Structure formats: C-alpha cells, structure tokens
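Enquirer: Here you go, one structure.
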Amino acid sequence: MTMQAVRIRNGLSLGAAVSLALAGGAMWSEPVKAAGFYIQEQSVSGLGRAFAGDAAIASDASTIFFNPAGMTYLSGPEVQVAAHLLVPKADVRNSGSTAETPGIPGLAPGYAGPYVGGNGGNPYDPTPVPNFFYARPFNDQLWYGFGITAPFGLANTYDKDFFARYDSTETELKVINFQPSIAYQVNERFSVGFGLDIQYADATLKNALPSPVGVPSPETDGEVSLEADSWDYGFNLGVMFQPTQDTRLGIHYRQGIKHTLDGKARITPPLGGDVSSIGGEAALCLPDIVTLGMMHRLNERWTLVGQYSWFKWSNFDEIRVKFDNGDPDNTTPQNYKDTWALSIGAEYRLDDRWTLRGGLQYDRTPTQDGFRTTRTPDGDRTWFSLGASYQQGPHWGFDLAYTYIDISKGSLELNRVFYEAPEGASPPPFPLDTSIDISGTTRGHVHILAAAMRYNF
C-alpha cells in the first residue's frame, strides 16, 4: 500500500497538525530578550542600566515607550533612532526522546523506541532590533510624541535532523508597534502620559510531521508550514511624581493586547502525497505589564536607579484554534505563570559630555516544566549591562551599550500526538495515532550591542 492510504487527507488529522504548529509557536517569545515574549530592547541608554529606572528617569525620547509621562521632563524637542544587535546562542540537548508509531496492520510495521535526531545546532543568527522616537512640546505643559518599536519578535531555525523537529523547525515573528502619545505636566511635581499601541504581527511557523509507520526520520518526515498575521490595538499610560528635586518615581501600565491571528497552513504529508491546506485563527493573549521605577540623584555626578516589573503572564493560559472548515476547536494548555523582573543600576556623569552607566537585572521566566517548547527554550535570565552617552554640543547626542544575558538551564518534557481524531469524530479506517515524547534540556546566553543617535532641536 502507498502513502495514498495514510496521507493527511481529511480535516481531522490536518486540523490536529495545524493546532500543534499554532500551540508550539503562538507564544513566539524570544529567549534572548526578556522572559516570556516581551522585548525590552527599546532604549540604548536603558540597556546600559539593564533598564533600571526607565519608568522614572526620562533621560531621552525613548521614555515614550517606558512611560510617556516622562516627555514633560525632556529639555526640548528630540528625535532618536537606534538599533540593538542581539547575538544569541541556545544549546538544546536530547536526553532520551522516543517515538511510538502504530504502523498499518498487515501492511507496514510500527515502532516504539528512540528515533533519529541531532541537537539542532545554534538556531539563532545575529538579529537587529530597531526603534524610532520623536517628542515635542505643544506648550510648557503639554507634549506629544510618536514611537515605532518592535516589542515582540523571534527568528530561529534548527537543523533538519533536530531531535525535537516535531515540536519546531523554524519560527519567525515580526511585530511592529506604532505608538502616538501625549503627556501633561499637572504641576512641578506631577505628570501624566498616555499612549495608543497599534500593532501589526506577521508570523511563520514550521514543524516536521512524523510518518505513522516505521522509525521517524528526516527522510520520511512531512511538514506543517503556517503563516498568519494580525492588526490589533491597545493602550498604555503612566504617571511620574517628583517628591524632591533629586528623587523621581514613575509607574507605568501597558495593556495586554489580544491578537487574533488569521492565516493558513500548508501541509506536506510524510512519505509523499498531495499537499493540503487549511485556514484558521487563534487568539494570542499578551500580558498586562505594571512597572515601578525610581531614580535618586546623590550628587552632581552620581544617580541611582531601580525598577520592578510585574507581568500578568497568566493571560496566556491556553491556545484555542478555530478552523475555517468547521472542525471542533483545538485547545492546548500553556500554563504560563505571572512573573516579575527586578533591576538596579547607576549613572556617573564624568563631565559635560560623557555619562557612564551600568546595571544588573534578574528576569523570571513564565514557562513551567512540562509546557516549555523548543520555539522558546526559556529560562530565568540574569543581565549584566554597561553603557555610555556622549553629547556633541547642544544638538547631537550618541548612546552606546553592551549587555550579557545568562539564560538558566531548563527542561523539555513534551508529548506530541499526530493524526488523532477529535473526540466524537470518526477515526480513519485504521489507527494512525503517532506519539512523540520529547525529552531534553535547554541553556543559552546572549550578547547585545546597541547604538543610538539623538538630535535635539
């Protein structure tokens, strides 16, 4: 019998393949940037402090992203362009992954045991993260600004023979955030700000499909390739309070936007056969984020900064996939937990032109054992950051920063079942359920280099 008898030709098994691709990739987090899928790299001066105090310090126009109320503390109109180059490395190792294929009774053998697979290599290439900010006053109290950022994103590709290829082989996400903002200085001590977040997300997700007969291998694998995009919007708002001339406090809230990703999957069956496609949509619930920042100027040269951020990652508790062909919804638990990040740092004003800075951050992962995937080989992160600013006269300014991030060891314990008919549906004429148990460990680190150019009008 040829693969024509077992190809993915009905909505049930095809839908299951699509749901696995969505469930594995809908978190779309970048393990080199911040815990979960929040990208902090939206300020070069902030990176140099490990983002300590960014909700309060308002040192440049990047305050539009971290707390728009900070625009009222800028010295004048400013435009800023910046880029962060992330150089990540992930080490994913197999620790006993197994497969169970049913075979076809009387026609093709099944299998139970280890299967072919390497460690996937380093899935990451150096990746740039750009941003742009513009801030300007209407008058002495009212400011307006605009920011273009990439607050979410990921690009990784594993080798073809990766042992966890049935979880993921390639992931790419590009999210662009457009943020018009306003700020109002109520009095000398108190300012408020508001921003509208308009986001476009575009994603490509791929994973291999195992054959239901014999030992799964790259030569007999099929593939699911999913493309989806979404436009959606939310808001953020902030407050800054300056109780003394040398101390400033800031609080910022960013709404957890709910994206509805609409797209289509292309399925290439294992062992050959006709290529199929199916449309569908899935909700991606981003976390609400609350940030508390502080700065205190010790003297003319030294400034201390600190920050605490809380992430409502429990918003992302499941992936529910709805199919265009009327198949039942497919739900995959994610079990993200609420987390926090804490950073401390300092700035030293060397002279009228140079400012030096440094910071440390501890950033907790929201993923839990049993649900962590190879699209996001996530772990707790420890940041070590250094930076400097140079002011060339009254108009031009330049920022530089370097950060090293250590990503702690995490476990991979996943079960992926393919060709399974949903409850209540008629199964194929013979059992096809193919079970892959992925067992492994992850660890990684990141180097980040960043530069910004500012112009003050």
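As shown in the structure tokens, the chain order sets the letters A, B, ...; within each chain, residues go from 1, and ligands are also counted from 1 in the order they appear.
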Which polymer residues have any atom within 12 Å of an atom of A:Gly234, counting only C-alpha atoms, with same-chain residues fewer than 4 positions away left out, as a list in words?

Expert: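 Listed by chain and then number, they are Asn177, Phe178, Gln179, Pro180, Phe194, Gly195, Leu196, Asp197, Ile198, Gln199, Tyr200, Tyr253, Arg254, Gln255, Gly256, Ile257, Lys258, His259, Cys285, Leu286, Pro287 and Asp288 of chain A.
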
Enquirer: Neighbours of A:Pro210 within 12 Å (only C-alpha atoms; same-chain residues fewer than 2 positions away dropped), as an MDAnalysis selection string?

Expert: chainID A and resid 6:8 17 99:103 111 115:116 163:167 207:208 212:224 268:272 416:419 432:436

Enquirer: So, with only C-alpha atoms as the atoms that count, which of A:Gln368, A:Thr374, A:Thr291, A:Ser408 lies closest to A:Lys206?

Expert: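 The shortest atom-to-atom distance to A:Lys206 comes from A:Thr374.
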
Enquirer: Work out how far apart atom CA of A:Met295 and atom CA of A:Arg248 are and give it in Å to one decimal.

Expert: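 Computing it gives 5.4 Å between the two atoms.
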
Enquirer: Could you pull the residues within 8 Å of A:Gln141, counting only C-alpha atoms, minus those fewer than 2 positions along the same chain, as number ranges by chain?

Expert: A: 72, 137-139, 143, 184-186

Enquirer: Need to verify the contact set: A:Ser389, 12 Å, only C-alpha atoms, exclusion of same-chain residues closer than 6 positions in sequence. Can you return it as a PyMOL selection string?

Expert: chain A and resi 44-49+59-60+347-358+396-401+450-454

Enquirer: Go through A:Ser168, A:Thr260, A:Gln40, A:Thr367 and flag the residue nearest A:Trp383, using only C-alpha atoms for the distances.

Expert: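 So, comparing all the options, the nearest one is A:Gln40.
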
Enquirer: Mind checking which residues fall within 12 Å of A:Pro243, counting only C-alpha atoms, ignoring those fewer than 2 positions away in the same chain, and posting them as a PDB file with C-alpha atoms, in the first residue's frame?

Expert:
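Done, and the output landed in out-v4.pdb:
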ATOM      1  CA  ASN A 187       2.381  70.842  38.244  1.00  0.00           C
ATOM      2  CA  GLU A 188       6.089  70.916  39.028  1.00  0.00           C
ATOM      3  CA  ARG A 189       5.900  67.551  40.779  1.00  0.00           C
ATOM      4  CA  PHE A 190       3.301  65.565  38.870  1.00  0.00           C
ATOM      5  CA  SER A 191       2.950  64.496  35.203  1.00  0.00           C
ATOM      6  CA  MET A 240       5.630  60.486  37.199  1.00  0.00           C
ATOM      7  CA  PHE A 241       5.949  62.053  40.622  1.00  0.00           C
ATOM      8  CA  GLN A 245      14.383  67.907  43.473  1.00  0.00           C
ATOM      9  CA  ASP A 246      16.647  64.834  43.485  1.00  0.00           C
ATOM     10  CA  THR A 247      14.107  61.978  43.581  1.00  0.00           C
ATOM     11  CA  ARG A 248      11.600  60.870  40.948  1.00  0.00           C
ATOM     12  CA  LEU A 249       9.150  57.972  40.924  1.00  0.00           C
ATOM     13  CA  GLY A 250       7.305  56.518  37.948  1.00  0.00           C
ATOM     14  CA  MET A 294      12.713  55.226  40.728  1.00  0.00           C
ATOM     15  CA  MET A 295      15.751  57.465  40.414  1.00  0.00           C
ATOM     16  CA  HIS A 296      17.663  59.358  43.079  1.00  0.00           C
TER      17      HIS A 296
END

Enquirer: Name the residues in contact with A:Gly359 at a cut-off of 8 Å, using only C-alpha atoms, excluding same-chain residues fewer than 2 positions from it; report them as an MDAnalysis selection string.

Expert: chainID A and resid 48:52 343:346 357 361 383:386

Enquirer: What parts of stretch 27-113 of chain A does DSSP call strand (DSSP E)? I'd like the answer as a list in words.

Expert: Glu78, Val79, Gln80, Val81, Ala82, Ala83, His84, Leu85, Leu86, Val87, Pro88, Lys89, Ala90, Asp91, Val92, Arg93, Asn94, Thr98, Ala99, Glu100, Thr101, Tyr111, Ala112 and Gly113 of chain A

Enquirer: How far is it from atom CA of A:Asp380 to atom CA of A:Thr98, in Å with one decimal?

Expert: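 The value is 27.5 Å.
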
Enquirer: Report, in Å with one decimal, the straight-line distance from atom CA of A:Asn315 to atom CA of A:Val192.

Expert: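 According to the coordinates, atom CA of A:Asn315 and atom CA of A:Val192 are separated by 26.7 Å.
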
Enquirer: Given the choices A:Arg136, A:Lys322, A:Arg301, A:Lys337, which gets closest to A:Asn456 if the distance is worked out from only C-alpha atoms?

Expert: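 Nearest to A:Asn456: A:Arg136.
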
Enquirer: May I ask which of the residues A:Leu449, A:Ile176, A:Ala265, A:Val290 is the closest one to A:Pro126, counting only C-alpha atoms?

Expert: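 With only C-alpha atoms as the atom set, the closest residue is A:Leu449.
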
Enquirer: Measuring atom to atom with only C-alpha atoms, identify which of A:Pro88, A:Pro128, A:Gly76, A:Pro68 is nearest to A:Tyr404.

Expert: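 Smallest distance to A:Tyr404 is found for A:Pro88.
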
Enquirer: Closest to A:Asn122 among A:Asp91, A:Asp140, A:Asp274, A:Glu413, using only C-alpha atoms?

Expert: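 When distances to A:Asn122 are compared using only C-alpha atoms, the smallest one comes from A:Asp91.
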